[in-house]
file my_file.cif (mmCIF, N, CA and C atoms)
data_work
loop_
_atom_site.label_atom_id
_atom_site.label_comp_id
_atom_site.auth_asym_id
_atom_site.auth_seq_id
_atom_site.Cartn_x
_atom_site.Cartn_y
_atom_site.Cartn_z
N MET Y 729 -107.09 144.93 63.32
CA MET Y 729 -107.52 143.68 63.91
C MET Y 729 -108.11 142.80 62.81
N SER Y 730 -107.69 141.59 62.79
CA SER Y 730 -108.17 140.70 61.74
C SER Y 730 -109.54 140.17 62.09
N ARG Y 731 -110.20 139.66 61.08
CA ARG Y 731 -111.54 139.13 61.24
C ARG Y 731 -111.56 137.92 62.19
N ALA Y 732 -110.58 137.09 62.21
CA ALA Y 732 -110.51 135.90 63.07
C ALA Y 732 -110.43 136.31 64.54
N HIS Y 733 -109.67 137.35 64.85
CA HIS Y 733 -109.55 137.83 66.23
C HIS Y 733 -110.86 138.44 66.71
N ALA Y 734 -111.62 139.06 65.88
CA ALA Y 734 -112.90 139.67 66.26
C ALA Y 734 -113.88 138.59 66.69
N HIS Y 735 -113.91 137.46 66.02
CA HIS Y 735 -114.83 136.39 66.39
C HIS Y 735 -114.44 135.75 67.72
N GLU Y 736 -113.18 135.64 67.99
CA GLU Y 736 -112.74 135.04 69.24
C GLU Y 736 -113.11 135.91 70.43
N SER Y 737 -113.07 137.23 70.30
CA SER Y 737 -113.39 138.11 71.42
C SER Y 737 -114.89 138.22 71.65
N GLU Y 738 -115.72 137.84 70.69
CA GLU Y 738 -117.17 137.91 70.83
C GLU Y 738 -117.76 136.55 71.21
N ARG Y 739 -116.92 135.69 71.67
CA ARG Y 739 -117.36 134.36 72.05
C ARG Y 739 -118.37 134.42 73.19
N GLY Y 740 -119.38 133.53 73.25
CA GLY Y 740 -120.40 133.51 74.29
C GLY Y 740 -119.96 132.67 75.48
N PHE Y 741 -120.91 132.37 76.36
CA PHE Y 741 -120.64 131.56 77.55
C PHE Y 741 -120.71 130.09 77.19
N SER Y 742 -119.92 129.32 77.88
CA SER Y 742 -119.98 127.87 77.66
C SER Y 742 -121.14 127.29 78.47
N LEU Y 743 -121.54 126.09 78.13
CA LEU Y 743 -122.62 125.42 78.85
C LEU Y 743 -122.26 125.23 80.32
N LEU Y 744 -121.03 124.92 80.59
CA LEU Y 744 -120.58 124.73 81.97
C LEU Y 744 -120.71 126.03 82.77
N GLU Y 745 -120.34 127.15 82.17
CA GLU Y 745 -120.46 128.44 82.86
C GLU Y 745 -121.93 128.76 83.16
N LEU Y 746 -122.79 128.50 82.20
CA LEU Y 746 -124.22 128.75 82.42
C LEU Y 746 -124.78 127.85 83.51
N LEU Y 747 -124.39 126.59 83.52
CA LEU Y 747 -124.86 125.68 84.56
C LEU Y 747 -124.38 126.11 85.95
N MET Y 748 -123.17 126.60 86.04
CA MET Y 748 -122.65 127.08 87.32
C MET Y 748 -123.45 128.28 87.83
N VAL Y 749 -123.80 129.20 86.93
CA VAL Y 749 -124.59 130.37 87.32
C VAL Y 749 -125.98 129.95 87.78
N VAL Y 750 -126.61 129.04 87.06
CA VAL Y 750 -127.94 128.56 87.43
C VAL Y 750 -127.89 127.85 88.78
N ALA Y 751 -126.87 127.04 89.03
CA ALA Y 751 -126.72 126.35 90.31
C ALA Y 751 -126.53 127.35 91.44
N LEU Y 752 -125.73 128.36 91.22
CA LEU Y 752 -125.50 129.38 92.24
C LEU Y 752 -126.79 130.13 92.55
N ILE Y 753 -127.56 130.47 91.54
CA ILE Y 753 -128.84 131.15 91.75
C ILE Y 753 -129.79 130.24 92.54
N GLY Y 754 -129.79 128.95 92.23
CA GLY Y 754 -130.63 127.99 92.96
C GLY Y 754 -130.25 127.91 94.43
N ILE Y 755 -128.98 127.88 94.71
CA ILE Y 755 -128.51 127.82 96.10
C ILE Y 755 -128.92 129.08 96.85
N LEU Y 756 -128.74 130.23 96.24
CA LEU Y 756 -129.13 131.49 96.88
C LEU Y 756 -130.64 131.56 97.11
N ALA Y 757 -131.41 131.06 96.15
CA ALA Y 757 -132.87 131.06 96.30
C ALA Y 757 -133.29 130.15 97.44
N ASN Y 758 -132.63 128.99 97.59
CA ASN Y 758 -132.95 128.08 98.69
C ASN Y 758 -132.66 128.70 100.05
N ILE Y 759 -131.74 129.60 100.11
CA ILE Y 759 -131.43 130.29 101.36
C ILE Y 759 -132.38 131.46 101.59
N ALA Y 760 -132.65 132.24 100.56
CA ALA Y 760 -133.41 133.47 100.71
C ALA Y 760 -134.92 133.27 100.83
N VAL Y 761 -135.51 132.37 100.07
CA VAL Y 761 -136.97 132.22 100.05
C VAL Y 761 -137.53 131.81 101.41
N PRO Y 762 -136.98 130.82 102.10
CA PRO Y 762 -137.54 130.48 103.43
C PRO Y 762 -137.45 131.64 104.42
N ARG Y 763 -136.37 132.40 104.35
CA ARG Y 763 -136.24 133.56 105.25
C ARG Y 763 -137.28 134.62 104.91
N LEU Y 764 -137.53 134.82 103.65
CA LEU Y 764 -138.54 135.78 103.23
C LEU Y 764 -139.93 135.35 103.70
N MET Y 765 -140.24 134.06 103.53
CA MET Y 765 -141.54 133.55 103.95
C MET Y 765 -141.69 133.65 105.47
N ASP Y 766 -140.64 133.34 106.20
CA ASP Y 766 -140.67 133.44 107.66
C ASP Y 766 -140.90 134.89 108.08
N GLY Y 767 -140.27 135.81 107.40
CA GLY Y 767 -140.46 137.22 107.70
C GLY Y 767 -141.89 137.67 107.44
N MET Y 768 -142.51 137.13 106.39
CA MET Y 768 -143.89 137.48 106.09
C MET Y 768 -144.84 136.95 107.18
N VAL Y 769 -144.59 135.73 107.65
CA VAL Y 769 -145.43 135.16 108.72
C VAL Y 769 -145.26 135.98 110.00
N ARG Y 770 -144.00 136.32 110.34
CA ARG Y 770 -143.76 137.13 111.54
C ARG Y 770 -144.46 138.48 111.45
N ALA Y 771 -144.48 139.07 110.27
CA ALA Y 771 -145.17 140.36 110.09
C ALA Y 771 -146.67 140.21 110.30
N GLN Y 772 -147.26 139.13 109.79
CA GLN Y 772 -148.69 138.90 109.99
C GLN Y 772 -149.01 138.66 111.46
N VAL Y 773 -148.17 137.89 112.15
CA VAL Y 773 -148.37 137.64 113.57
C VAL Y 773 -148.31 138.95 114.35
N ALA Y 774 -147.33 139.78 114.05
CA ALA Y 774 -147.21 141.07 114.72
C ALA Y 774 -148.43 141.93 114.47
N ALA Y 775 -148.96 141.91 113.25
CA ALA Y 775 -150.15 142.69 112.93
C ALA Y 775 -151.36 142.19 113.71
N VAL Y 776 -151.53 140.87 113.82
CA VAL Y 776 -152.67 140.32 114.57
C VAL Y 776 -152.55 140.69 116.05
N LEU Y 777 -151.37 140.55 116.62
CA LEU Y 777 -151.18 140.89 118.03
C LEU Y 777 -151.40 142.38 118.27
N SER Y 778 -150.98 143.20 117.34
CA SER Y 778 -151.23 144.63 117.45
C SER Y 778 -152.72 144.94 117.37
N ASP Y 779 -153.41 144.27 116.46
CA ASP Y 779 -154.86 144.46 116.35
C ASP Y 779 -155.56 144.01 117.63
N ALA Y 780 -155.14 142.88 118.19
CA ALA Y 780 -155.74 142.39 119.43
C ALA Y 780 -155.53 143.40 120.54
N ASP Y 781 -154.33 143.95 120.64
CA ASP Y 781 -154.04 144.96 121.66
C ASP Y 781 -154.94 146.18 121.49
N THR Y 782 -155.12 146.62 120.25
CA THR Y 782 -155.98 147.78 119.98
C THR Y 782 -157.42 147.50 120.39
N VAL Y 783 -157.92 146.33 120.04
CA VAL Y 783 -159.31 145.99 120.36
C VAL Y 783 -159.49 145.86 121.87
N PHE Y 784 -158.56 145.22 122.57
CA PHE Y 784 -158.69 145.09 124.01
C PHE Y 784 -158.66 146.45 124.70
N LYS Y 785 -157.81 147.35 124.23
CA LYS Y 785 -157.77 148.69 124.83
C LYS Y 785 -159.07 149.44 124.56
N ALA Y 786 -159.60 149.32 123.35
CA ALA Y 786 -160.87 149.97 123.02
C ALA Y 786 -162.00 149.39 123.88
N ALA Y 787 -162.01 148.06 124.06
CA ALA Y 787 -163.05 147.44 124.88
C ALA Y 787 -162.93 147.88 126.33
N ALA Y 788 -161.70 148.04 126.81
CA ALA Y 788 -161.51 148.52 128.19
C ALA Y 788 -162.05 149.94 128.35
N HIS Y 789 -161.79 150.80 127.36
CA HIS Y 789 -162.34 152.17 127.40
C HIS Y 789 -163.86 152.13 127.41
N TYR Y 790 -164.42 151.30 126.56
CA TYR Y 790 -165.88 151.18 126.48
C TYR Y 790 -166.45 150.70 127.81
N ARG Y 791 -165.79 149.72 128.41
CA ARG Y 791 -166.27 149.20 129.69
C ARG Y 791 -166.20 150.26 130.79
N LEU Y 792 -165.14 151.06 130.80
CA LEU Y 792 -165.04 152.13 131.80
C LEU Y 792 -166.18 153.13 131.67
N GLU Y 793 -166.57 153.42 130.44
CA GLU Y 793 -167.63 154.40 130.22
C GLU Y 793 -169.03 153.83 130.38
N ASN Y 794 -169.20 152.52 130.08
CA ASN Y 794 -170.55 151.94 130.04
C ASN Y 794 -170.80 150.82 131.04
N GLY Y 795 -169.79 150.39 131.77
CA GLY Y 795 -169.98 149.37 132.78
C GLY Y 795 -170.04 147.94 132.26
N GLU Y 796 -169.91 147.74 130.97
CA GLU Y 796 -169.91 146.39 130.40
C GLU Y 796 -169.10 146.40 129.10
N TYR Y 797 -168.76 145.20 128.66
CA TYR Y 797 -168.04 145.09 127.40
C TYR Y 797 -169.02 145.16 126.23
N PRO Y 798 -168.53 145.48 125.04
CA PRO Y 798 -169.41 145.52 123.86
C PRO Y 798 -170.04 144.16 123.58
N ARG Y 799 -171.15 144.18 122.88
CA ARG Y 799 -171.83 142.95 122.50
C ARG Y 799 -171.01 142.16 121.49
N SER Y 800 -171.31 140.87 121.40
CA SER Y 800 -170.65 140.02 120.42
C SER Y 800 -171.02 140.45 119.02
N ARG Y 801 -170.10 140.24 118.10
CA ARG Y 801 -170.33 140.56 116.70
C ARG Y 801 -169.93 139.38 115.84
N PRO Y 802 -170.54 139.27 114.63
CA PRO Y 802 -170.16 138.16 113.74
C PRO Y 802 -168.74 138.34 113.20
N TRP Y 803 -168.24 137.28 112.60
CA TRP Y 803 -166.90 137.31 112.02
C TRP Y 803 -166.79 138.44 111.00
N GLY Y 804 -165.69 139.17 111.08
CA GLY Y 804 -165.42 140.23 110.12
C GLY Y 804 -166.12 141.54 110.41
N SER Y 805 -166.89 141.62 111.50
CA SER Y 805 -167.64 142.84 111.82
C SER Y 805 -167.03 143.54 113.03
N ARG Y 806 -166.69 144.79 112.84
CA ARG Y 806 -166.18 145.60 113.95
C ARG Y 806 -167.35 145.97 114.85
N PRO Y 807 -167.22 145.83 116.15
CA PRO Y 807 -168.31 146.24 117.04
C PRO Y 807 -168.60 147.73 116.87
N ARG Y 808 -169.85 148.05 116.68
CA ARG Y 808 -170.23 149.47 116.51
C ARG Y 808 -169.85 150.28 117.73
N GLU Y 809 -169.92 149.65 118.90
CA GLU Y 809 -169.60 150.36 120.14
C GLU Y 809 -168.14 150.81 120.20
N LEU Y 810 -167.29 150.13 119.45
CA LEU Y 810 -165.86 150.45 119.49
C LEU Y 810 -165.42 151.36 118.34
N ALA Y 811 -166.35 151.79 117.52
CA ALA Y 811 -166.02 152.59 116.34
C ALA Y 811 -165.24 153.85 116.69
N GLU Y 812 -165.53 154.44 117.82
CA GLU Y 812 -164.84 155.66 118.24
C GLU Y 812 -163.34 155.44 118.42
N TRP Y 813 -162.97 154.26 118.89
CA TRP Y 813 -161.56 153.98 119.20
C TRP Y 813 -160.82 153.25 118.07
N ILE Y 814 -161.53 152.52 117.25
CA ILE Y 814 -160.87 151.75 116.18
C ILE Y 814 -161.52 152.04 114.83
N GLN Y 815 -161.56 153.30 114.46
CA GLN Y 815 -162.24 153.73 113.24
C GLN Y 815 -161.65 153.10 111.98
N ASP Y 816 -160.35 153.05 111.88
CA ASP Y 816 -159.71 152.63 110.64
C ASP Y 816 -159.35 151.14 110.60
N MET Y 817 -159.68 150.41 111.63
CA MET Y 817 -159.25 149.02 111.69
C MET Y 817 -160.27 148.10 111.01
N SER Y 818 -159.78 147.25 110.15
CA SER Y 818 -160.62 146.26 109.49
C SER Y 818 -160.58 144.96 110.28
N PHE Y 819 -161.68 144.25 110.32
CA PHE Y 819 -161.72 142.97 111.02
C PHE Y 819 -161.49 141.82 110.05
N GLU Y 820 -160.99 142.13 108.86
CA GLU Y 820 -160.61 141.11 107.90
C GLU Y 820 -159.23 141.45 107.37
N ARG Y 821 -158.32 140.47 107.40
CA ARG Y 821 -156.94 140.63 106.91
C ARG Y 821 -156.62 139.46 106.02
N GLY Y 822 -156.99 139.53 104.77
CA GLY Y 822 -156.72 138.42 103.86
C GLY Y 822 -157.45 137.17 104.30
N ALA Y 823 -156.70 136.11 104.60
CA ALA Y 823 -157.30 134.85 105.03
C ALA Y 823 -157.65 134.86 106.52
N LEU Y 824 -157.27 135.92 107.24
CA LEU Y 824 -157.57 136.02 108.66
C LEU Y 824 -158.80 136.90 108.87
N THR Y 825 -159.66 136.47 109.78
CA THR Y 825 -160.87 137.23 110.10
C THR Y 825 -160.95 137.35 111.61
N TYR Y 826 -161.42 138.52 112.09
CA TYR Y 826 -161.52 138.76 113.52
C TYR Y 826 -162.98 138.81 113.95
N ARG Y 827 -163.15 138.62 115.25
CA ARG Y 827 -164.48 138.72 115.85
C ARG Y 827 -164.31 139.11 117.30
N TRP Y 828 -165.21 139.96 117.80
CA TRP Y 828 -165.27 140.27 119.23
C TRP Y 828 -166.40 139.44 119.82
N ARG Y 829 -166.15 138.79 120.96
CA ARG Y 829 -167.17 137.95 121.57
C ARG Y 829 -167.29 138.27 123.05
N ARG Y 830 -168.52 138.43 123.50
CA ARG Y 830 -168.77 138.68 124.91
C ARG Y 830 -169.70 137.59 125.45
N GLN Y 831 -169.30 137.02 126.57
CA GLN Y 831 -170.15 136.09 127.30
C GLN Y 831 -170.29 136.63 128.71
N ARG Y 832 -171.03 135.94 129.52
CA ARG Y 832 -171.24 136.44 130.89
C ARG Y 832 -169.93 136.60 131.66
N THR Y 833 -169.12 135.58 131.62
CA THR Y 833 -167.89 135.62 132.42
C THR Y 833 -166.63 135.82 131.60
N ARG Y 834 -166.74 135.70 130.28
CA ARG Y 834 -165.54 135.82 129.45
C ARG Y 834 -165.82 136.73 128.27
N HIS Y 835 -164.80 137.36 127.83
CA HIS Y 835 -164.87 138.18 126.62
C HIS Y 835 -163.55 137.96 125.89
N GLY Y 836 -163.54 138.26 124.62
CA GLY Y 836 -162.27 138.04 123.94
C GLY Y 836 -162.27 138.41 122.48
N PHE Y 837 -161.10 138.42 121.95
CA PHE Y 837 -160.82 138.73 120.56
C PHE Y 837 -160.55 137.40 119.88
N MET Y 838 -161.30 137.10 118.86
CA MET Y 838 -161.20 135.81 118.20
C MET Y 838 -160.57 135.98 116.82
N VAL Y 839 -159.71 135.05 116.47
CA VAL Y 839 -159.04 135.07 115.17
C VAL Y 839 -159.27 133.72 114.51
N ARG Y 840 -159.66 133.74 113.25
CA ARG Y 840 -159.77 132.49 112.51
C ARG Y 840 -159.10 132.66 111.16
N THR Y 841 -158.74 131.54 110.58
CA THR Y 841 -158.10 131.59 109.26
C THR Y 841 -158.74 130.57 108.35
N THR Y 842 -158.79 130.92 107.08
CA THR Y 842 -159.23 129.98 106.07
C THR Y 842 -158.04 129.61 105.18
N GLY Y 843 -156.87 130.06 105.58
CA GLY Y 843 -155.71 129.82 104.73
C GLY Y 843 -154.48 129.43 105.51
N ASP Y 844 -153.65 130.41 105.84
CA ASP Y 844 -152.31 130.19 106.37
C ASP Y 844 -152.32 129.79 107.84
N ARG Y 845 -152.19 128.52 108.09
CA ARG Y 845 -152.20 128.01 109.46
C ARG Y 845 -150.93 128.40 110.21
N ASP Y 846 -149.84 128.66 109.49
CA ASP Y 846 -148.58 129.03 110.14
C ASP Y 846 -148.76 130.26 111.03
N VAL Y 847 -149.60 131.18 110.61
CA VAL Y 847 -149.82 132.40 111.40
C VAL Y 847 -150.44 132.03 112.74
N LEU Y 848 -151.49 131.19 112.73
CA LEU Y 848 -152.12 130.80 113.99
C LEU Y 848 -151.17 130.02 114.88
N ASP Y 849 -150.37 129.15 114.28
CA ASP Y 849 -149.40 128.39 115.07
C ASP Y 849 -148.40 129.31 115.75
N ARG Y 850 -147.93 130.31 115.03
CA ARG Y 850 -146.98 131.27 115.61
C ARG Y 850 -147.64 132.10 116.70
N ILE Y 851 -148.90 132.47 116.49
CA ILE Y 851 -149.60 133.24 117.53
C ILE Y 851 -149.74 132.39 118.78
N ARG Y 852 -150.08 131.12 118.61
CA ARG Y 852 -150.19 130.21 119.77
C ARG Y 852 -148.86 130.14 120.52
N GLU Y 853 -147.76 130.04 119.79
CA GLU Y 853 -146.44 129.98 120.42
C GLU Y 853 -146.18 131.23 121.23
N GLN Y 854 -146.45 132.39 120.65
CA GLN Y 854 -146.19 133.64 121.35
C GLN Y 854 -147.17 133.86 122.49
N TRP Y 855 -148.40 133.42 122.29
CA TRP Y 855 -149.42 133.64 123.31
C TRP Y 855 -149.14 132.85 124.57
N SER Y 856 -148.44 131.72 124.44
CA SER Y 856 -148.15 130.91 125.62
C SER Y 856 -147.07 131.56 126.48
N GLY Y 857 -146.40 132.57 125.94
CA GLY Y 857 -145.36 133.26 126.70
C GLY Y 857 -145.96 134.16 127.76
N ALA Y 858 -145.24 134.37 128.83
CA ALA Y 858 -145.75 135.17 129.96
C ALA Y 858 -145.72 136.67 129.67
N SER Y 859 -145.04 137.08 128.60
CA SER Y 859 -144.89 138.51 128.34
C SER Y 859 -146.16 139.15 127.79
N LEU Y 860 -147.10 138.33 127.31
CA LEU Y 860 -148.32 138.90 126.76
C LEU Y 860 -149.33 139.14 127.87
N ARG Y 861 -150.04 140.25 127.77
CA ARG Y 861 -150.91 140.64 128.87
C ARG Y 861 -152.37 140.29 128.68
N PHE Y 862 -152.72 139.58 127.63
CA PHE Y 862 -154.13 139.32 127.36
C PHE Y 862 -154.65 138.08 128.07
N GLY Y 863 -153.78 137.31 128.69
CA GLY Y 863 -154.23 136.09 129.35
C GLY Y 863 -154.80 135.11 128.34
N ASN Y 864 -155.94 134.54 128.66
CA ASN Y 864 -156.54 133.56 127.76
C ASN Y 864 -157.69 134.16 126.96
N ARG Y 865 -157.68 135.45 126.76
CA ARG Y 865 -158.79 136.10 126.08
C ARG Y 865 -158.65 136.13 124.57
N LEU Y 866 -157.61 135.59 124.04
CA LEU Y 866 -157.46 135.49 122.60
C LEU Y 866 -157.83 134.07 122.19
N TYR Y 867 -158.82 133.96 121.33
CA TYR Y 867 -159.28 132.66 120.88
C TYR Y 867 -158.89 132.48 119.43
N LEU Y 868 -158.37 131.33 119.08
CA LEU Y 868 -157.91 131.06 117.74
C LEU Y 868 -158.73 129.94 117.12
N TYR Y 869 -159.15 130.14 115.88
CA TYR Y 869 -159.95 129.15 115.18
C TYR Y 869 -159.34 128.89 113.82
N GLU Y 870 -159.45 127.67 113.39
CA GLU Y 870 -159.00 127.32 112.04
C GLU Y 870 -160.21 126.73 111.32
N THR Y 871 -160.55 127.27 110.17
CA THR Y 871 -161.66 126.75 109.38
C THR Y 871 -161.16 126.37 108.02
N HIS Y 872 -161.81 125.43 107.40
CA HIS Y 872 -161.40 124.97 106.05
C HIS Y 872 -162.54 125.18 105.07
#

call {"tool": "encode", "arguments": {"input": "my_file.cif", "output": "structure tokens"}}
result
Amino acid sequence: MSRAHAHESERGFSLLELLMVVALIGILANIAVPRLMDGMVRAQVAAVLSDADTVFKAAAHYRLENGEYPRSRPWGSRPRELAEWIQDMSFERGALTYRWRRQRTRHGFMVRTTGDRDVLDRIREQWSGASLRFGNRLYLYETH
């Protein structure tokens, strides 16, 4: 093989080929990133709803045994009365914080965010559906 033929076979990519690859990667990223972000929001919403379900079930157990719901607690604090049923659950999830609140006629699981409002908006959408069994006992707060 001559030296001239060796250089021709080791030729690199042209600018046009590189631009086409970059454009293709950009198009794929525009499709994939929004879906990934939507999946992350859906996962957070599912986690909050699961946490709410766990807390409501624990509060129902507590009420059956003690005749009343647990006392109100500050943001991010798990009610001590519910420790037996929700030992491993944290009342803080990144920008989301939980609170249990008891009033004379109402009780509920409260969620607030200091960051991602999309999660609260999605929870509101799902909460308005008839398939959820918590009624109006989930309270949502947005703080800045």

call {"tool": "atom_distance", "arguments": {"input": "my_file.cif", "atom1": "atom C of Arg801 in chain Y", "atom2": "CA of Met768 in chain Y"}}
result
27.9 Å

call {"tool": "resolve_selection", "arguments": {"input": "my_file.cif", "expression": "the PyMOL selection byres ((chain Y and resi 805-813) around 8)", "output": "PyMOL selection string"}}
result
chain Y and resi 782-783+785-787+790+798-804+814-820+825-828

call {"tool": "atom_distance", "arguments": {"input": "my_file.cif", "atom1": "CA of Met765 in chain Y", "atom2": "atom C of Glu853 in chain Y"}}
result
18.0 Å
